Structures are given as structure tokens and as C-alpha cells.
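Source file target.cif; content: mmCIF, N, CA and C atoms.
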```cif
data_data
#
loop_
_atom_site.label_atom_id
_atom_site.label_comp_id
_atom_site.auth_asym_id
_atom_site.auth_seq_id
_atom_site.Cartn_x
_atom_site.Cartn_y
_atom_site.Cartn_z
N MET A 1 4.96 -98.35 125.22
CA MET A 1 5.53 -99.55 125.81
C MET A 1 6.15 -100.39 124.71
N LYS A 2 7.43 -100.72 124.88
CA LYS A 2 8.13 -101.52 123.89
C LYS A 2 7.83 -102.99 124.11
N THR A 3 7.69 -103.69 123.00
CA THR A 3 7.52 -105.13 123.10
C THR A 3 8.83 -105.80 122.73
N LYS A 4 9.05 -106.91 123.35
CA LYS A 4 10.28 -107.65 123.08
C LYS A 4 10.17 -108.37 121.75
N LYS A 5 11.21 -108.23 120.90
CA LYS A 5 11.21 -108.93 119.62
C LYS A 5 11.51 -110.40 119.86
N THR A 6 10.79 -111.25 119.16
CA THR A 6 11.09 -112.66 119.24
C THR A 6 12.08 -113.00 118.13
N ARG A 7 13.11 -113.74 118.50
CA ARG A 7 14.12 -114.13 117.54
C ARG A 7 13.66 -115.30 116.72
N LYS A 8 13.98 -115.25 115.46
CA LYS A 8 13.68 -116.36 114.57
C LYS A 8 14.68 -117.47 114.88
N THR A 9 14.18 -118.68 115.05
CA THR A 9 15.06 -119.81 115.30
C THR A 9 15.79 -120.16 114.01
N ARG A 10 17.11 -120.26 114.10
CA ARG A 10 17.89 -120.63 112.93
C ARG A 10 17.80 -122.13 112.73
N THR A 11 17.72 -122.54 111.49
CA THR A 11 17.70 -123.96 111.18
C THR A 11 18.79 -124.25 110.16
N PHE A 12 19.25 -125.47 110.18
CA PHE A 12 20.25 -125.97 109.24
C PHE A 12 19.77 -127.34 108.81
N GLU A 13 19.54 -127.48 107.53
CA GLU A 13 19.02 -128.74 106.99
C GLU A 13 17.75 -129.18 107.72
N GLY A 14 16.90 -128.21 108.03
CA GLY A 14 15.60 -128.49 108.62
C GLY A 14 15.57 -128.69 110.13
N LEU A 15 16.72 -128.63 110.79
CA LEU A 15 16.77 -128.80 112.24
C LEU A 15 17.27 -127.52 112.91
N PRO A 16 16.85 -127.26 114.15
CA PRO A 16 17.31 -126.05 114.84
C PRO A 16 18.81 -126.08 115.11
N VAL A 17 19.40 -124.89 115.17
CA VAL A 17 20.83 -124.73 115.44
C VAL A 17 21.00 -124.05 116.79
N VAL A 18 21.91 -124.58 117.60
CA VAL A 18 22.27 -123.96 118.88
C VAL A 18 23.77 -123.75 118.91
N ASP A 19 24.22 -122.75 119.64
CA ASP A 19 25.64 -122.51 119.79
C ASP A 19 26.24 -123.48 120.79
N ALA A 20 27.46 -123.93 120.53
CA ALA A 20 28.17 -124.82 121.44
C ALA A 20 28.45 -124.10 122.75
N LYS A 21 28.49 -124.83 123.82
CA LYS A 21 28.79 -124.26 125.13
C LYS A 21 30.26 -124.43 125.49
N ASP A 22 30.91 -125.46 124.96
CA ASP A 22 32.31 -125.74 125.26
C ASP A 22 33.10 -125.99 123.99
N ASP A 23 34.41 -125.80 124.07
CA ASP A 23 35.29 -126.08 122.95
C ASP A 23 35.39 -127.60 122.76
N ILE A 24 35.85 -127.99 121.56
CA ILE A 24 36.01 -129.41 121.26
C ILE A 24 37.32 -129.58 120.49
N VAL A 25 38.03 -130.66 120.74
CA VAL A 25 39.28 -130.96 120.03
C VAL A 25 39.03 -132.14 119.11
N LEU A 26 39.39 -131.98 117.84
CA LEU A 26 39.33 -133.08 116.89
C LEU A 26 40.74 -133.45 116.48
N ASN A 27 41.02 -134.74 116.47
CA ASN A 27 42.33 -135.25 116.07
C ASN A 27 42.22 -135.85 114.68
N VAL A 28 42.70 -135.11 113.68
CA VAL A 28 42.64 -135.55 112.29
C VAL A 28 43.79 -136.52 112.05
N SER A 29 43.45 -137.74 111.63
CA SER A 29 44.46 -138.77 111.40
C SER A 29 44.80 -138.86 109.91
N LYS A 30 45.85 -139.61 109.60
CA LYS A 30 46.21 -139.84 108.19
C LYS A 30 45.07 -140.56 107.48
N HIS A 31 44.40 -141.48 108.18
CA HIS A 31 43.28 -142.20 107.57
C HIS A 31 42.13 -141.24 107.23
N ASP A 32 41.85 -140.29 108.12
CA ASP A 32 40.80 -139.29 107.85
C ASP A 32 41.13 -138.53 106.57
N VAL A 33 42.40 -138.18 106.39
CA VAL A 33 42.84 -137.46 105.19
C VAL A 33 42.66 -138.34 103.95
N GLN A 34 43.01 -139.61 104.05
CA GLN A 34 42.93 -140.53 102.91
C GLN A 34 41.51 -140.74 102.42
N ILE A 35 40.53 -140.78 103.32
CA ILE A 35 39.15 -141.06 102.91
C ILE A 35 38.34 -139.79 102.65
N SER A 36 38.97 -138.62 102.81
CA SER A 36 38.25 -137.36 102.66
C SER A 36 38.00 -137.00 101.20
N LYS A 37 37.04 -136.09 100.98
CA LYS A 37 36.66 -135.63 99.64
C LYS A 37 36.75 -134.12 99.58
N LYS A 38 37.32 -133.61 98.52
CA LYS A 38 37.49 -132.17 98.34
C LYS A 38 36.14 -131.48 98.13
N LYS A 39 36.04 -130.25 98.62
CA LYS A 39 34.87 -129.38 98.47
C LYS A 39 33.58 -130.00 99.00
N ASP A 40 33.71 -130.87 99.98
CA ASP A 40 32.55 -131.53 100.57
C ASP A 40 32.61 -131.37 102.09
N PRO A 41 31.80 -130.47 102.66
CA PRO A 41 31.84 -130.21 104.10
C PRO A 41 31.55 -131.43 104.97
N ALA A 42 30.84 -132.43 104.43
CA ALA A 42 30.50 -133.62 105.20
C ALA A 42 31.57 -134.69 105.12
N HIS A 43 32.53 -134.52 104.19
CA HIS A 43 33.53 -135.57 104.00
C HIS A 43 34.95 -135.05 103.90
N CYS A 44 35.23 -133.85 104.43
CA CYS A 44 36.61 -133.38 104.46
C CYS A 44 37.31 -134.10 105.62
N ALA A 45 38.60 -133.94 105.74
CA ALA A 45 39.36 -134.65 106.77
C ALA A 45 38.87 -134.30 108.18
N ALA A 46 38.56 -133.03 108.43
CA ALA A 46 38.09 -132.62 109.76
C ALA A 46 36.71 -133.23 110.05
N ALA A 47 35.84 -133.27 109.06
CA ALA A 47 34.51 -133.87 109.24
C ALA A 47 34.63 -135.37 109.49
N GLU A 48 35.53 -136.01 108.76
CA GLU A 48 35.74 -137.46 108.97
C GLU A 48 36.25 -137.72 110.38
N ALA A 49 37.16 -136.87 110.87
CA ALA A 49 37.66 -137.02 112.23
C ALA A 49 36.52 -136.81 113.24
N GLY A 50 35.69 -135.81 112.99
CA GLY A 50 34.56 -135.56 113.87
C GLY A 50 33.59 -136.72 113.91
N LYS A 51 33.29 -137.28 112.75
CA LYS A 51 32.38 -138.43 112.70
C LYS A 51 32.97 -139.62 113.45
N ARG A 52 34.26 -139.84 113.27
CA ARG A 52 34.93 -140.96 113.93
C ARG A 52 34.95 -140.78 115.45
N GLU A 53 35.28 -139.58 115.91
CA GLU A 53 35.43 -139.34 117.34
C GLU A 53 34.11 -139.09 118.06
N LEU A 54 33.17 -138.41 117.41
CA LEU A 54 31.92 -138.02 118.07
C LEU A 54 30.77 -138.98 117.79
N LYS A 55 30.97 -139.85 116.81
CA LYS A 55 29.94 -140.84 116.44
C LYS A 55 28.63 -140.19 116.03
N CYS A 56 28.73 -139.10 115.26
CA CYS A 56 27.53 -138.43 114.75
C CYS A 56 27.89 -137.67 113.47
N GLU A 57 26.90 -137.09 112.83
CA GLU A 57 27.11 -136.36 111.59
C GLU A 57 27.81 -135.02 111.88
N VAL A 58 28.81 -134.69 111.06
CA VAL A 58 29.59 -133.47 111.23
C VAL A 58 29.79 -132.84 109.86
N LYS A 59 29.65 -131.51 109.80
CA LYS A 59 29.92 -130.77 108.57
C LYS A 59 30.84 -129.60 108.92
N VAL A 60 31.93 -129.47 108.17
CA VAL A 60 32.92 -128.43 108.46
C VAL A 60 33.00 -127.46 107.29
N TYR A 61 32.77 -126.19 107.59
CA TYR A 61 32.83 -125.11 106.61
C TYR A 61 34.00 -124.20 106.96
N LEU A 62 34.27 -123.21 106.12
CA LEU A 62 35.40 -122.32 106.34
C LEU A 62 35.31 -121.57 107.67
N SER A 63 34.11 -121.19 108.10
CA SER A 63 34.00 -120.41 109.33
C SER A 63 33.25 -121.11 110.46
N ARG A 64 32.50 -122.16 110.17
CA ARG A 64 31.73 -122.84 111.20
C ARG A 64 31.76 -124.35 111.01
N MET A 65 31.57 -125.07 112.12
CA MET A 65 31.42 -126.52 112.09
C MET A 65 30.07 -126.83 112.73
N TYR A 66 29.34 -127.77 112.15
CA TYR A 66 28.05 -128.18 112.68
C TYR A 66 28.11 -129.65 113.05
N VAL A 67 27.66 -129.97 114.27
CA VAL A 67 27.64 -131.33 114.78
C VAL A 67 26.18 -131.67 115.09
N LYS A 68 25.68 -132.73 114.46
CA LYS A 68 24.29 -133.12 114.66
C LYS A 68 24.18 -133.98 115.91
N THR A 69 23.46 -133.46 116.89
CA THR A 69 23.25 -134.19 118.13
C THR A 69 21.75 -134.35 118.33
N GLY A 70 21.27 -135.54 118.12
CA GLY A 70 19.84 -135.77 118.26
C GLY A 70 19.07 -135.04 117.18
N LYS A 71 18.20 -134.13 117.59
CA LYS A 71 17.35 -133.41 116.63
C LYS A 71 17.74 -131.94 116.54
N GLN A 72 19.04 -131.66 116.65
CA GLN A 72 19.52 -130.29 116.49
C GLN A 72 20.97 -130.32 116.02
N TRP A 73 21.44 -129.19 115.52
CA TRP A 73 22.83 -129.00 115.13
C TRP A 73 23.50 -128.10 116.15
N VAL A 74 24.69 -128.48 116.60
CA VAL A 74 25.47 -127.65 117.51
C VAL A 74 26.54 -126.96 116.67
N ARG A 75 26.65 -125.66 116.83
CA ARG A 75 27.50 -124.81 115.99
C ARG A 75 28.78 -124.41 116.72
N TYR A 76 29.92 -124.65 116.07
CA TYR A 76 31.24 -124.28 116.59
C TYR A 76 31.91 -123.32 115.62
N VAL A 77 32.92 -122.61 116.09
CA VAL A 77 33.71 -121.72 115.24
C VAL A 77 34.89 -122.52 114.69
N THR A 78 35.03 -122.51 113.37
CA THR A 78 36.17 -123.18 112.75
C THR A 78 37.41 -122.32 112.97
N PRO A 79 38.48 -122.88 113.55
CA PRO A 79 39.68 -122.09 113.79
C PRO A 79 40.38 -121.72 112.48
N SER A 80 41.16 -120.66 112.51
CA SER A 80 41.82 -120.18 111.29
C SER A 80 42.78 -121.21 110.71
N ASN A 81 43.45 -122.00 111.55
CA ASN A 81 44.36 -123.01 110.99
C ASN A 81 43.59 -124.08 110.21
N VAL A 82 42.39 -124.42 110.63
CA VAL A 82 41.57 -125.38 109.89
C VAL A 82 41.05 -124.73 108.60
N SER A 83 40.66 -123.47 108.67
CA SER A 83 40.21 -122.76 107.46
C SER A 83 41.29 -122.76 106.40
N ARG A 84 42.54 -122.52 106.81
CA ARG A 84 43.65 -122.54 105.85
C ARG A 84 43.85 -123.95 105.29
N GLU A 85 43.74 -124.96 106.14
CA GLU A 85 43.86 -126.35 105.67
C GLU A 85 42.74 -126.68 104.68
N ILE A 86 41.53 -126.20 104.94
CA ILE A 86 40.40 -126.44 104.05
C ILE A 86 40.64 -125.82 102.68
N VAL A 87 41.10 -124.56 102.65
CA VAL A 87 41.38 -123.89 101.38
C VAL A 87 42.45 -124.67 100.62
N SER A 88 43.51 -125.02 101.30
CA SER A 88 44.58 -125.78 100.66
C SER A 88 44.07 -127.11 100.13
N PHE A 89 43.31 -127.82 100.96
CA PHE A 89 42.78 -129.14 100.59
C PHE A 89 41.81 -129.04 99.41
N ASP A 90 40.87 -128.10 99.48
CA ASP A 90 39.89 -127.95 98.40
C ASP A 90 40.54 -127.56 97.08
N ARG A 91 41.71 -126.95 97.13
CA ARG A 91 42.41 -126.55 95.92
C ARG A 91 43.42 -127.59 95.44
N GLY A 92 43.43 -128.76 96.06
CA GLY A 92 44.23 -129.85 95.53
C GLY A 92 45.40 -130.30 96.37
N ASN A 93 45.65 -129.68 97.48
CA ASN A 93 46.75 -130.11 98.34
C ASN A 93 46.22 -131.02 99.45
N GLN A 94 47.07 -131.40 100.36
CA GLN A 94 46.69 -132.32 101.42
C GLN A 94 46.29 -131.56 102.69
N PHE A 95 45.33 -132.10 103.42
CA PHE A 95 44.96 -131.60 104.74
C PHE A 95 45.97 -132.20 105.71
N GLU A 96 46.60 -131.39 106.50
CA GLU A 96 47.65 -131.85 107.41
C GLU A 96 47.04 -132.48 108.66
N PRO A 97 47.36 -133.76 108.96
CA PRO A 97 46.85 -134.38 110.18
C PRO A 97 47.33 -133.62 111.42
N GLY A 98 46.55 -133.71 112.49
CA GLY A 98 46.92 -133.06 113.74
C GLY A 98 45.71 -132.82 114.62
N SER A 99 45.93 -132.18 115.76
CA SER A 99 44.86 -131.84 116.70
C SER A 99 44.41 -130.41 116.44
N TYR A 100 43.10 -130.20 116.35
CA TYR A 100 42.54 -128.89 116.06
C TYR A 100 41.44 -128.58 117.07
N VAL A 101 41.46 -127.36 117.62
CA VAL A 101 40.47 -126.95 118.62
C VAL A 101 39.39 -126.10 117.96
N PHE A 102 38.16 -126.60 118.00
CA PHE A 102 37.00 -125.85 117.52
C PHE A 102 36.37 -125.19 118.73
N LYS A 103 36.24 -123.89 118.69
CA LYS A 103 35.80 -123.12 119.85
C LYS A 103 34.28 -122.92 119.85
N ALA A 104 33.75 -122.76 121.06
CA ALA A 104 32.38 -122.30 121.20
C ALA A 104 32.37 -120.83 120.78
N ALA A 105 31.28 -120.37 120.23
CA ALA A 105 31.19 -118.99 119.74
C ALA A 105 31.32 -117.99 120.90
N SER A 106 32.06 -116.90 120.63
CA SER A 106 32.14 -115.82 121.62
C SER A 106 30.79 -115.09 121.64
N ILE A 107 30.61 -114.20 122.57
CA ILE A 107 29.34 -113.48 122.69
C ILE A 107 28.97 -112.80 121.38
N SER A 108 29.94 -112.17 120.73
CA SER A 108 29.64 -111.44 119.49
C SER A 108 29.42 -112.37 118.30
N GLN A 109 29.82 -113.64 118.41
CA GLN A 109 29.66 -114.59 117.31
C GLN A 109 28.43 -115.48 117.47
N ARG A 110 27.75 -115.36 118.58
CA ARG A 110 26.60 -116.22 118.84
C ARG A 110 25.42 -115.88 117.94
N LEU A 111 24.57 -116.88 117.78
CA LEU A 111 23.36 -116.67 117.01
C LEU A 111 22.52 -115.58 117.67
N GLY A 112 22.01 -114.68 116.88
CA GLY A 112 21.18 -113.61 117.40
C GLY A 112 21.94 -112.41 117.90
N ALA A 113 23.27 -112.43 117.87
CA ALA A 113 24.06 -111.28 118.32
C ALA A 113 23.85 -110.14 117.34
N HIS A 114 23.75 -108.94 117.86
CA HIS A 114 23.53 -107.76 117.02
C HIS A 114 24.79 -107.47 116.22
N LYS A 115 24.62 -107.36 114.93
CA LYS A 115 25.75 -107.06 114.04
C LYS A 115 25.57 -105.62 113.54
N GLY A 116 25.89 -104.68 114.39
CA GLY A 116 25.73 -103.27 114.04
C GLY A 116 26.79 -102.78 113.08
N ASN A 117 26.58 -101.61 112.54
CA ASN A 117 27.53 -100.98 111.64
C ASN A 117 28.26 -99.91 112.43
N ASN A 118 29.53 -100.16 112.72
CA ASN A 118 30.32 -99.21 113.50
C ASN A 118 31.12 -98.26 112.63
N HIS A 119 30.90 -98.28 111.33
CA HIS A 119 31.67 -97.44 110.42
C HIS A 119 30.95 -96.12 110.19
N LYS A 120 31.70 -95.05 110.19
CA LYS A 120 31.11 -93.75 109.94
C LYS A 120 30.72 -93.64 108.47
N LYS A 121 29.59 -93.07 108.23
CA LYS A 121 29.14 -92.85 106.86
C LYS A 121 29.72 -91.54 106.36
N THR A 122 30.23 -91.54 105.15
CA THR A 122 30.87 -90.34 104.61
C THR A 122 29.98 -89.65 103.58
N GLY A 123 28.84 -90.20 103.31
CA GLY A 123 27.93 -89.55 102.37
C GLY A 123 28.06 -90.06 100.95
N LYS A 124 29.24 -90.44 100.52
CA LYS A 124 29.42 -90.91 99.14
C LYS A 124 29.60 -92.42 99.09
N GLY A 125 29.05 -93.12 100.02
CA GLY A 125 29.12 -94.58 99.99
C GLY A 125 30.47 -95.11 100.41
N ASN A 126 30.67 -95.25 101.66
CA ASN A 126 31.91 -95.77 102.21
C ASN A 126 31.90 -97.29 102.07
N LYS A 127 32.18 -97.79 100.88
CA LYS A 127 32.10 -99.22 100.63
C LYS A 127 33.46 -99.87 100.81
N ARG A 128 33.49 -100.93 101.61
CA ARG A 128 34.72 -101.67 101.82
C ARG A 128 34.76 -102.82 100.83
N ARG A 129 35.94 -103.07 100.33
CA ARG A 129 36.10 -104.20 99.42
C ARG A 129 36.18 -105.47 100.25
N HIS A 130 35.53 -106.48 99.76
CA HIS A 130 35.46 -107.74 100.48
C HIS A 130 35.99 -108.84 99.57
N HIS A 131 37.03 -109.54 100.01
CA HIS A 131 37.60 -110.63 99.22
C HIS A 131 36.83 -111.91 99.50
N VAL A 132 36.47 -112.62 98.45
CA VAL A 132 35.81 -113.90 98.59
C VAL A 132 36.77 -114.97 98.10
N THR A 133 37.05 -115.95 98.94
CA THR A 133 37.93 -117.04 98.56
C THR A 133 37.19 -117.95 97.61
N THR A 134 37.77 -118.17 96.44
CA THR A 134 37.11 -118.96 95.42
C THR A 134 37.72 -120.35 95.30
N ASN A 135 37.04 -121.19 94.55
CA ASN A 135 37.47 -122.55 94.26
C ASN A 135 37.59 -123.40 95.53
N VAL A 136 36.65 -123.17 96.48
CA VAL A 136 36.56 -123.96 97.71
C VAL A 136 35.09 -124.30 97.94
N ARG A 137 34.82 -125.08 98.96
CA ARG A 137 33.45 -125.51 99.26
C ARG A 137 32.51 -124.33 99.50
N ALA A 138 31.21 -124.58 99.44
CA ALA A 138 30.21 -123.54 99.70
C ALA A 138 30.30 -123.10 101.16
N HIS A 139 29.84 -121.91 101.45
CA HIS A 139 29.82 -121.41 102.83
C HIS A 139 28.61 -121.96 103.55
N ALA A 140 28.70 -122.10 104.84
CA ALA A 140 27.62 -122.64 105.65
C ALA A 140 26.37 -121.76 105.53
N SER A 141 26.55 -120.45 105.41
CA SER A 141 25.41 -119.54 105.33
C SER A 141 24.53 -119.82 104.13
N GLU A 142 25.06 -120.50 103.12
CA GLU A 142 24.27 -120.84 101.94
C GLU A 142 23.31 -121.99 102.23
N SER A 143 23.47 -122.65 103.37
CA SER A 143 22.61 -123.77 103.74
C SER A 143 21.56 -123.39 104.77
N TRP A 144 21.58 -122.14 105.24
CA TRP A 144 20.61 -121.69 106.24
C TRP A 144 19.23 -121.58 105.64
N THR A 145 18.25 -121.79 106.47
CA THR A 145 16.85 -121.54 106.06
C THR A 145 16.22 -120.58 107.02
#
```

Starting from the file, give its structure as C-alpha cells.
Amino acid sequence: MKTKKTRKTRTFEGLPVVDAKDDIVLNVSKHDVQISKKKDPAHCAAAEAGKRELKCEVKVYLSRMYVKTGKQWVRYVTPSNVSREIVSFDRGNQFEPGSYVFKAASISQRLGAHKGNNHKKTGKGNKRRHHVTTNVRAHASESWT
């Protein structure tokens, strides 16, 4: 008889993390850009817009955004256009004001989704090269506990 595995609850900065249920739109203003800080997920232009519009703590990383609601963090997917703006901003350019849609995670992106290996093994180590973007803020996964 198989027993059901219990999933470990993910936490971020000591609080539980849940996946967002709906998408959210943040409107980054020129003022948000002016008061933002490079390489700081809590003070980039998108985070400043989130704090202004949502009236709560927001942290924006290259692949995920976290919004603190009460005693938990709600996790969104950072869109690719925001990721590009973050890289540009963290490297010394300006974050472009505008409206950005942060999506709720798809089924395969949700917490606890199985991340299987679909690649055939060739016996001699089928290693894929992975590019890491440098000279930008830390990744959100470095803050997980």
C-alpha cells in the first residue's frame, strides 16, 4: 500500500508561500523609476509600483514576484519583458515605465509541480550548458528556506 507523500511547505523570509490565483497588472510610473534602486528586489521600479498600487511589501526577481499579504507571500511569474527591464536596469540603464502583467503560475510552474527529466540519457553524460545572467540581483531561489 502506497502512502501519500506530504509536501514540504515552501517559505520565503520565514512566511509560507502560495501561488497566485489571478494575474495582476502593475503600472510602473516615472516616479517609481526615479526612486528605485539597482540590484534590489524590494526597491526596483516594478517593486515600487507594486508597493504603491497594492499597499503591501513586494519583491521582484528575474523569474518571480512575491507580494506579502498578511502572513504569507503570494507568488507570481515575472513576465519576460520585465525580466529584460530588470537586467537592463541592474546593469545601469533605465527601467521603462509602462503597464506590466504578472501572471499566476501555470500548472507546470506551480509550487510542488513535478520537475521530471524528459531528456534521454546517452551514457556519457548528456549535460546541457546553462547560461547564468550575471551582474544583476540575486535570484529568488536563493532566499528560499

Task: atom N of Gly98 in chain A to atom C of Glu48 in chain A, straight-line distance in Å - done: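 About the pair atom C of Glu48 in chain A and atom N of Gly98 in chain A: they are 11.3 Å apart.
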
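Comparing the minimum interatomic distances between Lys38 in chain A and each of A:Asn135, A:Gln72, A:Asn81, A:Thr9, counting only C-alpha atoms, we find that A:Asn135 sits nearest.
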
Open item on the list: The residues within 8 Å of (39.9, -125.0, 111.0), using all atoms listed in the file and the coordinates of the file, should be reported as a ChimeraX atom specification; which are they?
Closed with: /A:46,61-64,77-86,100-102

Open item on the list: What parts of range 7-71 of chain A does DSSP call helix (DSSP H, G or I)? I'd like the answer as a count of residues only.
Closed with: 16

Task: Target residues per the PyMOL selection byres (((chain A and resi 71 and name CA) around 12) and name CA), formatted as a list of chain:residue names - done: A:Thr11, A:Phe12, A:Glu13, A:Gly14, A:Leu15, A:Pro16, A:Val17, A:Val18, A:Cys56, A:Glu57, A:Val67, A:Lys68, A:Thr69, A:Gly70, A:Gln72, A:Trp73, A:Val74

Open item on the list: Considering all atoms listed in the file, can you say which of A:His139, A:Lys30, A:Arg75, A:Lys51 comes closest to Lys103 in chain A?
Closed with: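 Looking only at the distances to Lys103 in chain A, the closest residue turns out to be A:Arg75.
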